[in-house]
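Below is entry-v3.txt, which holds compact mmCIF, C-alpha atoms.
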```txt
# COMPACT_ATOMS: atom_id res chain seq x y z
CA MET X 1 0.05 13.31 5.85
CA LYS X 2 -2.18 16.12 6.99
CA LYS X 3 -1.35 17.68 10.30
CA ILE X 4 -3.74 16.64 12.99
CA VAL X 5 -4.39 19.16 15.71
CA VAL X 6 -5.52 16.96 18.55
CA ILE X 7 -6.82 19.77 20.70
CA ALA X 8 -9.06 20.95 17.90
CA LEU X 9 -10.15 17.38 17.28
CA ALA X 10 -11.21 17.00 20.89
CA VAL X 11 -13.13 20.26 20.77
CA ILE X 12 -14.93 19.15 17.62
CA ALA X 13 -15.72 15.74 19.08
CA HIS X 14 -17.18 17.15 22.27
CA GLY X 15 -18.76 20.16 20.61
CA TRP X 16 -20.93 18.36 18.08
CA TRP X 17 -22.58 16.14 20.66
CA SER X 18 -22.49 15.31 24.34
CA GLN X 19 -22.87 11.55 24.59
CA VAL X 20 -25.19 10.60 21.73
CA ALA X 21 -26.85 12.59 18.96
CA ALA X 22 -29.08 11.83 16.00
CA ILE X 23 -27.80 12.38 12.48
CA SER X 24 -29.07 13.04 8.97
CA LEU X 25 -27.53 11.98 5.66
CA ASP X 26 -27.68 15.58 4.50
CA ASP X 27 -25.58 16.78 7.43
CA HIS X 28 -22.29 15.38 6.12
CA ALA X 29 -20.76 15.26 2.65
CA GLN X 30 -19.21 11.81 3.14
CA LEU X 31 -22.57 10.30 4.11
CA ARG X 32 -24.28 11.89 1.15
CA ALA X 33 -21.57 10.45 -1.10
CA VAL X 34 -22.11 6.94 0.29
CA ALA X 35 -25.85 7.26 -0.19
CA GLU X 36 -25.47 8.49 -3.76
CA GLU X 37 -23.13 5.61 -4.65
CA LEU X 38 -25.42 2.97 -3.16
CA VAL X 39 -28.45 4.41 -4.93
CA ALA X 40 -26.59 4.70 -8.24
CA GLN X 41 -25.50 1.06 -7.94
CA ASN X 42 -29.10 0.00 -7.25
CA TYR X 43 -28.40 -1.49 -3.83
CA TYR X 44 -30.69 0.88 -1.92
CA SER X 45 -33.23 3.56 -2.63
CA ARG X 46 -32.72 6.96 -1.07
CA ALA X 47 -35.89 6.43 0.95
CA GLU X 48 -34.46 3.21 2.41
CA LEU X 49 -31.24 4.94 3.42
CA ASP X 50 -33.07 7.90 4.95
CA ALA X 51 -35.09 5.44 7.03
CA ILE X 52 -31.95 3.58 8.13
CA PHE X 53 -30.01 6.69 9.14
CA LYS X 54 -33.00 8.26 10.87
CA ASP X 55 -32.26 6.06 13.87
CA VAL X 56 -28.45 6.32 13.78
CA GLU X 57 -26.84 8.01 16.77
CA ILE X 58 -23.33 9.44 17.08
CA GLN X 59 -21.58 7.79 20.02
CA GLN X 60 -19.03 9.77 22.02
CA SER X 61 -17.94 6.54 23.73
CA VAL X 62 -16.74 5.22 20.36
CA LEU X 63 -14.57 8.29 19.78
CA ASP X 64 -13.14 8.03 23.29
CA ALA X 65 -12.21 4.38 22.74
CA MET X 66 -10.63 5.10 19.36
CA MET X 67 -8.36 7.75 20.86
CA ASN X 68 -6.84 5.34 23.38
CA PRO X 69 -6.39 1.78 22.01
CA ALA X 70 -4.61 -0.83 24.12
CA GLU X 71 -1.84 -1.28 21.55
CA TYR X 72 -0.71 2.31 22.21
CA ARG X 73 -1.72 2.53 25.87
CA LEU X 74 0.04 -0.56 27.25
CA THR X 75 3.56 -1.88 27.35
CA TRP X 76 4.22 -5.29 25.79
CA GLY X 77 4.28 -6.89 29.21
CA LYS X 78 0.85 -5.63 30.22
CA TYR X 79 -0.58 -6.24 26.76
CA ARG X 80 0.65 -9.84 26.77
CA LYS X 81 -0.76 -10.48 30.21
CA ILE X 82 -4.28 -9.73 28.95
CA PHE X 83 -4.18 -12.66 26.53
CA LEU X 84 -1.95 -15.28 28.19
CA GLY X 85 -4.05 -16.12 31.23
CA GLN X 86 -4.75 -19.75 32.09
CA GLU X 87 -8.50 -19.28 31.57
CA ARG X 88 -8.05 -18.23 27.94
CA ILE X 89 -5.56 -21.03 27.31
CA GLN X 90 -7.98 -23.62 28.71
CA GLN X 91 -10.84 -22.15 26.68
CA GLY X 92 -8.61 -22.47 23.62
CA VAL X 93 -8.00 -26.14 24.34
CA GLU X 94 -11.74 -26.73 24.68
CA PHE X 95 -12.46 -24.84 21.44
CA TRP X 96 -9.84 -26.94 19.64
CA GLN X 97 -11.27 -30.17 21.03
CA GLU X 98 -14.79 -29.20 19.99
CA HIS X 99 -13.75 -28.21 16.45
CA ALA X 100 -10.77 -30.53 15.91
CA GLU X 101 -12.04 -31.91 12.60
CA THR X 102 -12.82 -28.45 11.22
CA LEU X 103 -9.45 -27.07 12.30
CA ALA X 104 -7.61 -30.00 10.73
CA ARG X 105 -9.51 -29.43 7.49
CA ALA X 106 -8.69 -25.71 7.52
CA GLU X 107 -5.01 -26.40 8.19
CA LYS X 108 -4.88 -28.85 5.29
CA GLU X 109 -6.74 -26.57 2.87
CA TYR X 110 -5.07 -23.26 3.71
CA GLY X 111 -1.74 -24.24 5.25
CA VAL X 112 -2.34 -22.27 8.45
CA PRO X 113 -1.71 -24.19 11.71
CA ALA X 114 -4.76 -24.95 13.81
CA SER X 115 -3.03 -23.38 16.82
CA VAL X 116 -2.74 -20.01 15.05
CA ILE X 117 -6.38 -20.05 13.95
CA VAL X 118 -7.48 -20.87 17.49
CA ALA X 119 -5.23 -18.18 18.96
CA ILE X 120 -6.59 -15.44 16.71
CA ILE X 121 -10.18 -16.28 17.63
CA GLY X 122 -9.08 -16.42 21.27
CA VAL X 123 -7.39 -13.03 21.20
CA GLU X 124 -10.24 -11.44 19.28
CA THR X 125 -13.28 -12.65 21.21
CA LYS X 126 -12.31 -15.33 23.75
CA PHE X 127 -13.78 -17.87 21.35
CA GLY X 128 -17.02 -16.01 20.75
CA ARG X 129 -17.62 -14.94 24.34
CA ILE X 130 -16.86 -11.22 23.82
CA VAL X 131 -17.96 -10.04 20.38
CA GLY X 132 -18.70 -6.41 21.23
CA LYS X 133 -21.85 -4.56 22.20
CA HIS X 134 -21.69 -1.47 19.99
CA LYS X 135 -24.20 -1.07 17.17
CA VAL X 136 -21.94 -1.31 14.13
CA LEU X 137 -23.97 1.18 12.12
CA ASP X 138 -23.65 3.77 14.88
CA SER X 139 -19.93 3.10 15.33
CA LEU X 140 -19.01 3.37 11.66
CA THR X 141 -21.12 6.48 11.15
CA THR X 142 -19.58 8.06 14.25
CA LEU X 143 -16.05 7.37 13.02
CA SER X 144 -16.85 8.52 9.51
CA VAL X 145 -18.05 11.95 10.60
CA GLY X 146 -16.28 12.39 13.95
CA TYR X 147 -12.80 10.96 13.51
CA PRO X 148 -11.14 13.05 10.75
CA ARG X 149 -7.79 11.26 10.81
CA ARG X 150 -9.37 8.04 9.51
CA SER X 151 -12.63 9.32 8.13
CA LYS X 152 -11.88 8.05 4.62
CA PHE X 153 -11.26 4.52 5.89
CA PHE X 154 -14.37 4.36 8.07
CA THR X 155 -16.55 5.92 5.39
CA LYS X 156 -15.45 3.11 3.09
CA GLU X 157 -16.22 0.57 5.82
CA LEU X 158 -19.64 2.13 6.34
CA LYS X 159 -20.46 1.54 2.69
CA GLU X 160 -19.08 -2.02 2.91
CA PHE X 161 -21.25 -2.63 5.97
CA LEU X 162 -24.41 -1.49 4.21
CA LEU X 163 -23.53 -3.74 1.26
CA LEU X 164 -22.90 -6.65 3.63
CA ALA X 165 -26.28 -6.13 5.28
CA LYS X 166 -28.08 -5.95 1.94
CA GLU X 167 -26.32 -8.99 0.46
CA ASN X 168 -27.11 -11.12 3.50
CA ASN X 169 -30.59 -9.75 4.20
CA LEU X 170 -29.52 -8.44 7.62
CA ASP X 171 -31.02 -5.61 9.63
CA PRO X 172 -28.23 -2.97 9.83
CA HIS X 173 -29.45 -1.85 13.25
CA ALA X 174 -29.33 -5.35 14.72
CA ILE X 175 -25.63 -6.05 14.16
CA VAL X 176 -23.31 -5.40 17.10
CA GLY X 177 -19.55 -5.53 17.32
CA SER X 178 -16.47 -3.67 18.49
CA TYR X 179 -16.23 0.10 18.76
CA ALA X 180 -14.37 0.03 15.41
CA GLY X 181 -17.10 -1.95 13.67
CA ALA X 182 -15.59 -5.46 13.71
CA VAL X 183 -18.01 -8.37 14.07
CA GLY X 184 -18.32 -12.04 14.91
CA TYR X 185 -16.00 -14.71 16.26
CA PRO X 186 -13.00 -13.43 14.26
CA GLN X 187 -13.89 -9.71 14.48
CA PHE X 188 -13.81 -9.06 10.75
CA ILE X 189 -14.41 -5.52 9.57
CA SER X 190 -17.05 -5.27 6.86
CA SER X 191 -14.65 -5.22 3.89
CA SER X 192 -12.83 -8.28 5.22
CA TYR X 193 -16.15 -10.04 5.79
CA ARG X 194 -17.20 -9.43 2.18
CA HIS X 195 -13.84 -10.38 0.64
CA TYR X 196 -12.35 -13.08 2.89
CA ALA X 197 -15.20 -14.80 4.75
CA VAL X 198 -16.02 -18.31 3.51
CA ASP X 199 -18.92 -20.72 3.98
CA PHE X 200 -16.71 -23.38 5.55
CA SER X 201 -19.71 -25.24 6.97
CA GLY X 202 -21.21 -25.67 3.50
CA ASP X 203 -24.72 -24.71 4.60
CA GLY X 204 -25.09 -21.99 1.98
CA VAL X 205 -24.67 -19.11 4.45
CA THR X 206 -21.43 -17.34 5.38
CA ASP X 207 -22.06 -16.54 9.03
CA LEU X 208 -19.22 -15.29 11.21
CA MET X 209 -21.49 -14.08 13.99
CA SER X 210 -22.97 -17.39 15.11
CA GLN X 211 -21.11 -20.08 13.15
CA PRO X 212 -17.62 -20.94 14.51
CA VAL X 213 -16.98 -23.33 11.61
CA ASP X 214 -17.25 -20.45 9.14
CA ALA X 215 -15.04 -18.34 11.40
CA ILE X 216 -12.31 -20.99 11.41
CA GLY X 217 -12.23 -21.26 7.63
CA SER X 218 -12.41 -17.50 7.20
CA VAL X 219 -9.45 -16.78 9.50
CA ALA X 220 -7.36 -19.34 7.63
CA ASN X 221 -8.42 -17.94 4.26
CA TYR X 222 -7.59 -14.41 5.37
CA LEU X 223 -4.08 -15.33 6.45
CA LYS X 224 -3.39 -17.36 3.32
CA ARG X 225 -4.46 -14.53 1.06
CA ASN X 226 -2.40 -12.03 3.05
CA GLY X 227 0.98 -13.69 2.75
CA TRP X 228 0.96 -16.73 5.03
CA GLN X 229 3.69 -19.18 4.02
CA PRO X 230 2.70 -22.79 4.85
CA GLY X 231 5.32 -24.48 7.00
CA GLY X 232 7.12 -21.21 7.72
CA ALA X 233 8.17 -19.98 11.13
CA ILE X 234 6.61 -16.99 12.89
CA THR X 235 9.36 -15.80 15.18
CA SER X 236 12.70 -17.07 16.38
CA THR X 237 13.97 -17.63 19.88
CA ALA X 238 13.61 -14.61 22.14
CA HIS X 239 16.84 -12.88 23.19
CA GLN X 240 17.43 -10.57 26.11
CA LYS X 241 20.65 -9.33 24.53
CA VAL X 242 21.97 -9.23 20.98
CA ALA X 243 25.18 -7.96 19.41
CA GLU X 244 25.31 -4.17 19.29
CA PRO X 245 25.25 -3.97 15.46
CA VAL X 246 22.11 -6.11 15.51
CA ALA X 247 20.50 -4.05 18.28
CA GLU X 248 20.98 -0.94 16.16
CA LEU X 249 18.76 -2.51 13.50
CA ALA X 250 15.93 -3.30 15.94
CA ASN X 251 12.56 -1.73 15.16
CA ARG X 252 8.82 -2.29 15.31
CA ASN X 253 8.07 -1.92 11.62
CA ARG X 254 5.97 -4.40 9.66
CA LYS X 255 8.62 -5.46 7.15
CA THR X 256 11.37 -8.08 6.76
CA PRO X 257 14.20 -5.93 5.36
CA TYR X 258 17.15 -8.12 6.36
CA ILE X 259 18.69 -11.37 5.12
CA ALA X 260 19.56 -14.09 7.64
CA ALA X 261 23.11 -14.45 6.28
CA ASP X 262 23.78 -10.73 6.72
CA LEU X 263 22.42 -10.73 10.26
CA ARG X 264 24.62 -13.68 11.16
CA LYS X 265 27.66 -11.74 9.96
CA LEU X 266 26.71 -9.00 12.41
CA GLY X 267 26.61 -11.50 15.26
CA ALA X 268 22.95 -12.52 15.26
CA GLU X 269 22.36 -15.94 16.82
CA ILE X 270 19.86 -17.27 14.30
CA GLY X 271 18.97 -20.97 14.32
CA ALA X 272 20.65 -23.23 11.78
CA SER X 273 17.26 -24.23 10.39
CA VAL X 274 16.77 -20.71 9.01
CA ALA X 275 17.98 -20.53 5.41
CA ALA X 276 20.74 -18.06 4.63
CA ASN X 277 18.55 -16.18 2.17
CA GLU X 278 15.45 -15.99 4.36
CA ARG X 279 14.12 -12.51 4.97
CA LEU X 280 13.78 -11.45 8.60
CA ASN X 281 13.28 -8.44 10.79
CA VAL X 282 14.86 -7.60 14.13
CA LEU X 283 11.91 -6.82 16.38
CA MET X 284 12.32 -5.14 19.75
CA LEU X 285 9.66 -5.46 22.45
CA ASP X 286 10.24 -4.21 25.97
CA ALA X 287 7.99 -5.34 28.79
CA SER X 288 9.52 -2.97 31.32
CA GLU X 289 8.07 0.45 31.96
CA ILE X 290 11.44 1.71 33.18
CA VAL X 291 13.02 3.99 30.62
CA PRO X 292 16.83 3.69 30.54
CA ASP X 293 19.33 6.45 29.80
CA ASP X 294 17.13 9.20 31.17
CA ASP X 295 19.99 11.68 30.81
CA GLN X 296 19.31 11.87 27.08
CA ARG X 297 18.49 15.47 26.25
CA ASP X 298 17.49 15.19 22.62
CA TYR X 299 14.66 12.67 23.00
CA TYR X 300 11.08 12.57 24.19
CA ILE X 301 10.05 9.37 25.96
CA VAL X 302 6.63 8.17 24.80
CA ARG X 303 4.14 7.79 27.64
CA ALA X 304 0.88 5.90 27.96
CA GLY X 305 -1.83 7.36 25.75
CA ASP X 306 0.53 9.48 23.64
CA THR X 307 0.06 9.80 19.91
CA ALA X 308 2.74 11.13 17.58
CA CYS X 309 0.75 14.21 16.63
CA GLN X 310 -0.14 14.94 20.25
CA ILE X 311 3.57 15.01 21.02
CA ALA X 312 4.23 17.28 18.05
CA GLU X 313 1.47 19.61 19.20
CA ARG X 314 2.88 19.66 22.73
CA PHE X 315 6.24 20.92 21.49
CA SER X 316 4.84 23.15 18.72
CA VAL X 317 6.47 20.98 16.08
CA PRO X 318 4.78 20.27 12.74
CA CYS X 319 3.48 16.71 12.75
CA LYS X 320 5.21 15.99 9.44
CA GLN X 321 8.55 17.08 10.89
CA LEU X 322 8.31 14.69 13.84
CA PHE X 323 7.30 11.86 11.50
CA SER X 324 10.22 12.57 9.17
CA LEU X 325 12.80 12.96 11.93
CA ASN X 326 11.85 9.59 13.45
CA LYS X 327 11.00 7.78 10.20
CA LEU X 328 7.50 6.97 11.45
CA ASN X 329 5.05 5.24 9.16
CA LYS X 330 2.10 7.13 7.74
CA ARG X 331 -0.10 6.09 10.67
CA GLY X 332 2.36 7.54 13.16
CA THR X 333 2.72 4.26 15.02
CA ILE X 334 4.63 4.68 18.28
CA TYR X 335 4.88 2.67 21.49
CA ARG X 336 5.23 3.36 25.17
CA GLY X 337 8.86 3.82 26.19
CA GLN X 338 10.00 4.69 22.66
CA ARG X 339 12.50 7.53 22.37
CA LEU X 340 11.48 10.06 19.75
CA LYS X 341 14.07 12.48 18.45
CA LEU X 342 13.18 16.14 18.83
CA PRO X 343 14.36 19.03 16.65
CA ALA X 344 17.34 20.90 18.08
CA SER X 345 15.26 24.04 18.61
CA VAL X 346 12.88 22.12 20.87
CA VAL X 347 15.68 20.53 22.90
CA ARG X 348 17.22 23.92 23.63
CA ASN X 349 13.95 25.34 24.91
CA THR X 350 12.33 22.40 26.72
CA PRO X 351 13.07 21.42 30.35
CA ARG X 352 14.42 17.89 30.67
CA SER X 353 11.59 16.92 33.04
CA GLN X 354 9.08 17.37 30.25
CA ARG X 355 10.93 14.99 27.96
CA VAL X 356 11.79 12.09 30.27
CA SER X 357 9.46 9.63 32.00
CA LYS X 358 10.10 8.66 35.60
CA PRO X 359 10.86 5.02 36.47
CA ILE X 360 8.09 3.03 38.10
CA THR X 361 8.59 1.04 41.27
CA GLU X 362 9.97 -2.48 41.32
CA SER X 363 6.65 -3.81 42.63
CA SER X 364 4.76 -2.87 39.48
CA LYS X 365 7.15 -4.44 36.99
CA TRP X 366 6.06 -7.15 34.59
CA VAL X 367 6.21 -10.49 36.40
CA VAL X 368 6.96 -13.91 34.92
CA SER X 369 7.65 -17.12 36.75
CA GLN X 370 10.75 -18.03 34.77
CA PRO X 371 12.80 -16.82 31.81
CA ALA X 372 11.14 -17.49 28.46
CA ALA X 373 12.31 -20.66 26.78
CA GLU X 374 12.98 -21.01 23.07
CA SER X 375 9.27 -21.18 22.38
CA HIS X 376 8.86 -17.78 24.07
CA SER X 377 5.93 -18.87 26.17
CA ALA X 378 6.89 -18.07 29.75
CA GLN X 379 4.04 -18.45 32.18
CA ILE X 380 2.59 -15.34 33.76
CA GLY X 381 2.90 -15.21 37.53
CA GLU X 382 0.33 -13.59 39.75
CA SER X 383 2.33 -13.51 42.96
CA GLN X 384 5.92 -14.58 42.27
CA SER X 385 8.52 -12.63 44.17
CA ALA X 386 11.25 -12.94 41.53
CA TYR X 387 11.21 -10.36 38.77
CA VAL X 388 12.64 -11.66 35.53
CA PRO X 389 13.09 -9.31 32.57
CA MET X 390 11.11 -10.23 29.49
CA PRO X 391 13.21 -11.10 26.42
CA ARG X 392 13.38 -8.12 24.13
CA TYR X 393 14.70 -9.10 20.72
CA PHE X 394 13.14 -11.41 18.14
CA TYR X 395 14.05 -12.42 14.61
CA THR X 396 10.63 -12.31 13.02
CA HIS X 397 9.65 -14.07 9.80
CA PRO X 398 7.18 -13.19 7.01
CA ASN X 399 4.42 -15.19 8.75
CA PHE X 400 4.67 -12.83 11.73
CA TYR X 401 3.80 -9.98 9.41
CA ALA X 402 1.00 -11.96 7.78
CA ILE X 403 -0.60 -11.86 11.23
CA THR X 404 -0.12 -8.08 11.34
CA GLU X 405 -2.28 -7.87 8.22
CA TYR X 406 -5.09 -9.03 10.50
CA ASN X 407 -4.21 -6.36 13.06
CA HIS X 408 -1.34 -3.97 12.34
CA SER X 409 0.05 -4.03 15.87
CA VAL X 410 3.22 -6.07 16.42
CA LEU X 411 2.05 -6.53 20.02
CA TYR X 412 -1.05 -8.22 18.65
CA ALA X 413 0.96 -10.53 16.39
CA MET X 414 3.29 -11.58 19.21
CA ALA X 415 0.34 -12.15 21.54
CA VAL X 416 -1.25 -14.41 18.90
CA HIS X 417 2.01 -16.32 18.53
CA ASP X 418 2.50 -16.76 22.27
CA LEU X 419 -1.10 -17.84 22.81
CA SER X 420 -0.89 -20.31 19.92
CA VAL X 421 2.18 -21.92 21.48
CA ALA X 422 0.59 -22.07 24.94
CA ILE X 423 -2.67 -23.57 23.64
CA ALA X 424 -0.88 -26.11 21.44
CA ARG X 425 1.25 -27.21 24.38
CA ALA X 426 -1.79 -27.61 26.64
CA TYR X 427 -3.78 -29.36 23.89
CA THR X 428 -1.14 -32.03 23.33
CA ASN X 429 -0.49 -32.69 27.03
```
Could you take the file, read its structure, and then write that structure out as structure tokens?
Amino acid sequence: MKKIVVIALAVIAHGWWSQVAAISLDDHAQLRAVAEELVAQNYYSRAELDAIFKDVEIQQSVLDAMMNPAEYRLTWGKYRKIFLGQERIQQGVEFWQEHAETLARAEKEYGVPASVIVAIIGVETKFGRIVGKHKVLDSLTTLSVGYPRRSKFFTKELKEFLLLAKENNLDPHAIVGSYAGAVGYPQFISSSYRHYAVDFSGDGVTDLMSQPVDAIGSVANYLKRNGWQPGGAITSTAHQKVAEPVAELANRNRKTPYIAADLRKLGAEIGASVAANERLNVLMLDASEIVPDDDQRDYYIVRAGDTACQIAERFSVPCKQLFSLNKLNKRGTIYRGQRLKLPASVVRNTPRSQRVSKPITESSKWVVSQPAAESHSAQIGESQSAYVPMPRYFYTHPNFYAITEYNHSVLYAMAVHDLSVAIARAYTN
């Protein structure tokens, strides 16, 4: 993975434009390449593309949002609280009631529970209420030319978006969505829209932007084609404590590397309904912002807004070295409160105060009204005086990681699970 110098990136981002700036296809090699491919494939003429990009503007606000996503900025407790409010749960019940027949049909056809489909649409857009206000063409162009770390990905999505617009006779300038270019009820990126969206309403048009029936079928189709196992569990009972050998295996990776039988031998309390040969992961989520063991001298404690390469830059460590030392994935996924190992040379030369976060006050801890039950759906309290620690360890199943194919964050997948449980409970009561 190429080293990313965040300071330089920020200078570039703010140096090319202030808030918005016009752009030309000839200004950037990646845009020229997209144009040449689309012309060669007879989707557009060069004149059409020149006319389209004449009105495109680079958006600094998009770059700012991309540098600080909620999945990296918030602890699990704060992230969960965003999506588990009573208003969203009630809206989910109403959405389910309105589309009960469609959801039942999708569950039967694709094997994905109605509650999970509803929860994903609820997390993504509050059931179509918040679909984004950024012009998708501007966002994808901005990220293609102004976000080097993922330029290749967003350049591909820009081409997919232009193909999507052409195939569906849509005005590229009229489509709005998230700052990352996702659209509609389920917030599909353009490649997902083209490859996974289905005309579930049967009206001859696949419309995720104004047709919730198509969105329901498309979410179910996406999960099925990305590893969903009908009838399978998502996550096990939440545990505040596990046996030490099990705790040592805990991680936030998107894999199921362990076998239930082996985990049981290490002391894992896994339900009897889980087959001995079922593949699982040991997932650790910590709602608290208090970092324990702050006398550690060979770790850096990840803070809000940190990225792996920012940390490497701060300590003059090659990005690749920090990734290798901590076995980070290629995206450098880290989370607030995580302890990252530092090279010995850094530890010797860095004051402890620069490596350790300070505890927050008791009054700003994550609050729940009671310990989470087996379903892991504790209610969120607004004013309770009792502070109960959030369960930290979960035995997650392949279906949990099918959800992470929708969004790679494990916080996202757990929020979807918890919301699905809460909505299903309210729907049946």
From CA of Ala106 (chain X) to CA of Asn221 (chain X) the spacing works out at 8.4 Å
Students should find that CA of Val282 (chain X) and CA of Asp306 (chain X) are spaced 24.2 Å
Non-local contacts of region 133-146 of chain X (8 Å; all atoms listed in the file; under 2 positions in same chain excluded) as number ranges by chain: X: 12-13, 28, 30, 56-60, 62-63, 131, 148, 150-155, 157-158, 161, 172-182
From CA of Trp76 (chain X) to CA of Tyr258 (chain X) the spacing works out at 23.5 Å
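With all atoms listed in the file as the atoms that count, the minimum distance from Val123 (chain X) to the choices X:Thr206, X:Leu411, X:Ala424, X:Ser191 is reached by X:Leu411.
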Name all residues at most 12 Å from Ala247 (chain X) (count all atoms listed in the file; drop same-chain ones fewer than 6 positions away) and give them as JSON, numbers by chain. {"X": [239, 240, 241, 263, 266, 267, 268, 281, 282, 283, 284, 285, 392, 393, 394, 395]}
Legend entry - Long-range neighbours of region 396-401 of chain X as a ChimeraX atom specification, 8 Å cut-off, all atoms listed in the file, 4 positions minimum in chain: /X:227-229,232-236,254-256,279-283,405,413-414
Suppose we keep C-alpha atoms; can you now write the selection as a compact mmCIF listing (two decimals), in the frame of the given file?
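Saved result, selection-v1.txt, follows:
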```
# COMPACT_ATOMS: atom_id res chain seq x y z
CA GLY X 227 0.98 -13.69 2.75
CA TRP X 228 0.96 -16.73 5.03
CA GLN X 229 3.69 -19.18 4.02
CA GLY X 232 7.12 -21.21 7.72
CA ALA X 233 8.17 -19.98 11.13
CA ILE X 234 6.61 -16.99 12.89
CA THR X 235 9.36 -15.80 15.18
CA SER X 236 12.70 -17.07 16.38
CA ARG X 254 5.97 -4.40 9.66
CA LYS X 255 8.62 -5.46 7.15
CA THR X 256 11.37 -8.08 6.76
CA ARG X 279 14.12 -12.51 4.97
CA LEU X 280 13.78 -11.45 8.60
CA ASN X 281 13.28 -8.44 10.79
CA VAL X 282 14.86 -7.60 14.13
CA LEU X 283 11.91 -6.82 16.38
CA GLU X 405 -2.28 -7.87 8.22
CA ALA X 413 0.96 -10.53 16.39
CA MET X 414 3.29 -11.58 19.21
```
Shortest contact to Gly92 (chain X), candidates X:Gly122, X:Gly128, X:Gly111, X:Pro69, atoms counted only C-alpha atoms, goes to X:Gly122
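The residue that comes closest to Tyr185 (chain X), out of X:Ile117, X:Val416, X:Ala238, X:Cys309 and on the basis of all atoms listed in the file, is X:Ile117.
Distances to Ile423 (chain X) were evaluated for X:Val118, X:Leu223, X:Val198, X:Val213 using all atoms listed in the file, and the minimum falls at X:Val118.
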Using only C-alpha atoms, the shortest atom-to-atom distance to Phe188 (chain X) among X:Ala215, X:Ile23, X:Ile89, X:Ala260 belongs to X:Ala215
| said: Which residues are near Asp26 (chain X)? Cut-off 10 Å, all atoms listed in the file, ignore same chain within fewer than 4 positions. Put them as number ranges by chain. | reply: X: 30-33, 35, 50
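The smallest atom-to-atom distance between Ser201 (chain X) and any of X:Ile216, X:Val93, X:Val116, X:Ile270, using all atoms listed in the file, is found for X:Ile216.
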My structure is short of atoms at region 100-113 of chain X; please model N, CA and C atoms there, returning them as an mmCIF file, keeping the file's coordinate frame.
```
data_model
loop_
_atom_site.group_PDB
_atom_site.id
_atom_site.type_symbol
_atom_site.label_atom_id
_atom_site.label_comp_id
_atom_site.auth_asym_id
_atom_site.auth_seq_id
_atom_site.Cartn_x
_atom_site.Cartn_y
_atom_site.Cartn_z
ATOM 1 N N ALA X 100 -12.021 -29.919 16.380
ATOM 2 C CA ALA X 100 -10.770 -30.530 15.910
ATOM 3 C C ALA X 100 -10.834 -30.900 14.429
ATOM 4 N N GLU X 101 -11.920 -31.492 14.005
ATOM 5 C CA GLU X 101 -12.040 -31.910 12.600
ATOM 6 C C GLU X 101 -12.033 -30.700 11.666
ATOM 7 N N THR X 102 -12.766 -29.667 12.042
ATOM 8 C CA THR X 102 -12.820 -28.450 11.220
ATOM 9 C C THR X 102 -11.459 -27.781 11.149
ATOM 10 N N LEU X 103 -10.770 -27.700 12.271
ATOM 11 C CA LEU X 103 -9.450 -27.070 12.300
ATOM 12 C C LEU X 103 -8.441 -27.852 11.471
ATOM 13 N N ALA X 104 -8.509 -29.170 11.538
ATOM 14 C CA ALA X 104 -7.610 -30.000 10.730
ATOM 15 C C ALA X 104 -7.880 -29.786 9.241
ATOM 16 N N ARG X 105 -9.141 -29.660 8.898
ATOM 17 C CA ARG X 105 -9.510 -29.430 7.490
ATOM 18 C C ARG X 105 -9.021 -28.056 7.024
ATOM 19 N N ALA X 106 -9.154 -27.048 7.871
ATOM 20 C CA ALA X 106 -8.690 -25.710 7.520
ATOM 21 C C ALA X 106 -7.175 -25.670 7.371
ATOM 22 N N GLU X 107 -6.475 -26.361 8.270
ATOM 23 C CA GLU X 107 -5.010 -26.400 8.190
ATOM 24 C C GLU X 107 -4.566 -27.070 6.891
ATOM 25 N N LYS X 108 -5.232 -28.142 6.514
ATOM 26 C CA LYS X 108 -4.880 -28.850 5.290
ATOM 27 C C LYS X 108 -5.179 -28.015 4.052
ATOM 28 N N GLU X 109 -6.316 -27.328 4.050
ATOM 29 C CA GLU X 109 -6.740 -26.570 2.870
ATOM 30 C C GLU X 109 -5.974 -25.264 2.699
ATOM 31 N N TYR X 110 -5.672 -24.590 3.806
ATOM 32 C CA TYR X 110 -5.070 -23.260 3.710
ATOM 33 C C TYR X 110 -3.613 -23.203 4.155
ATOM 34 N N GLY X 111 -3.132 -24.237 4.818
ATOM 35 C CA GLY X 111 -1.740 -24.240 5.250
ATOM 36 C C GLY X 111 -1.461 -23.453 6.508
ATOM 37 N N VAL X 112 -2.504 -23.040 7.219
ATOM 38 C CA VAL X 112 -2.340 -22.270 8.450
ATOM 39 C C VAL X 112 -2.532 -23.209 9.642
ATOM 40 N N PRO X 113 -1.580 -23.273 10.577
ATOM 41 C CA PRO X 113 -1.710 -24.190 11.710
ATOM 42 C C PRO X 113 -2.982 -23.956 12.519
#
```
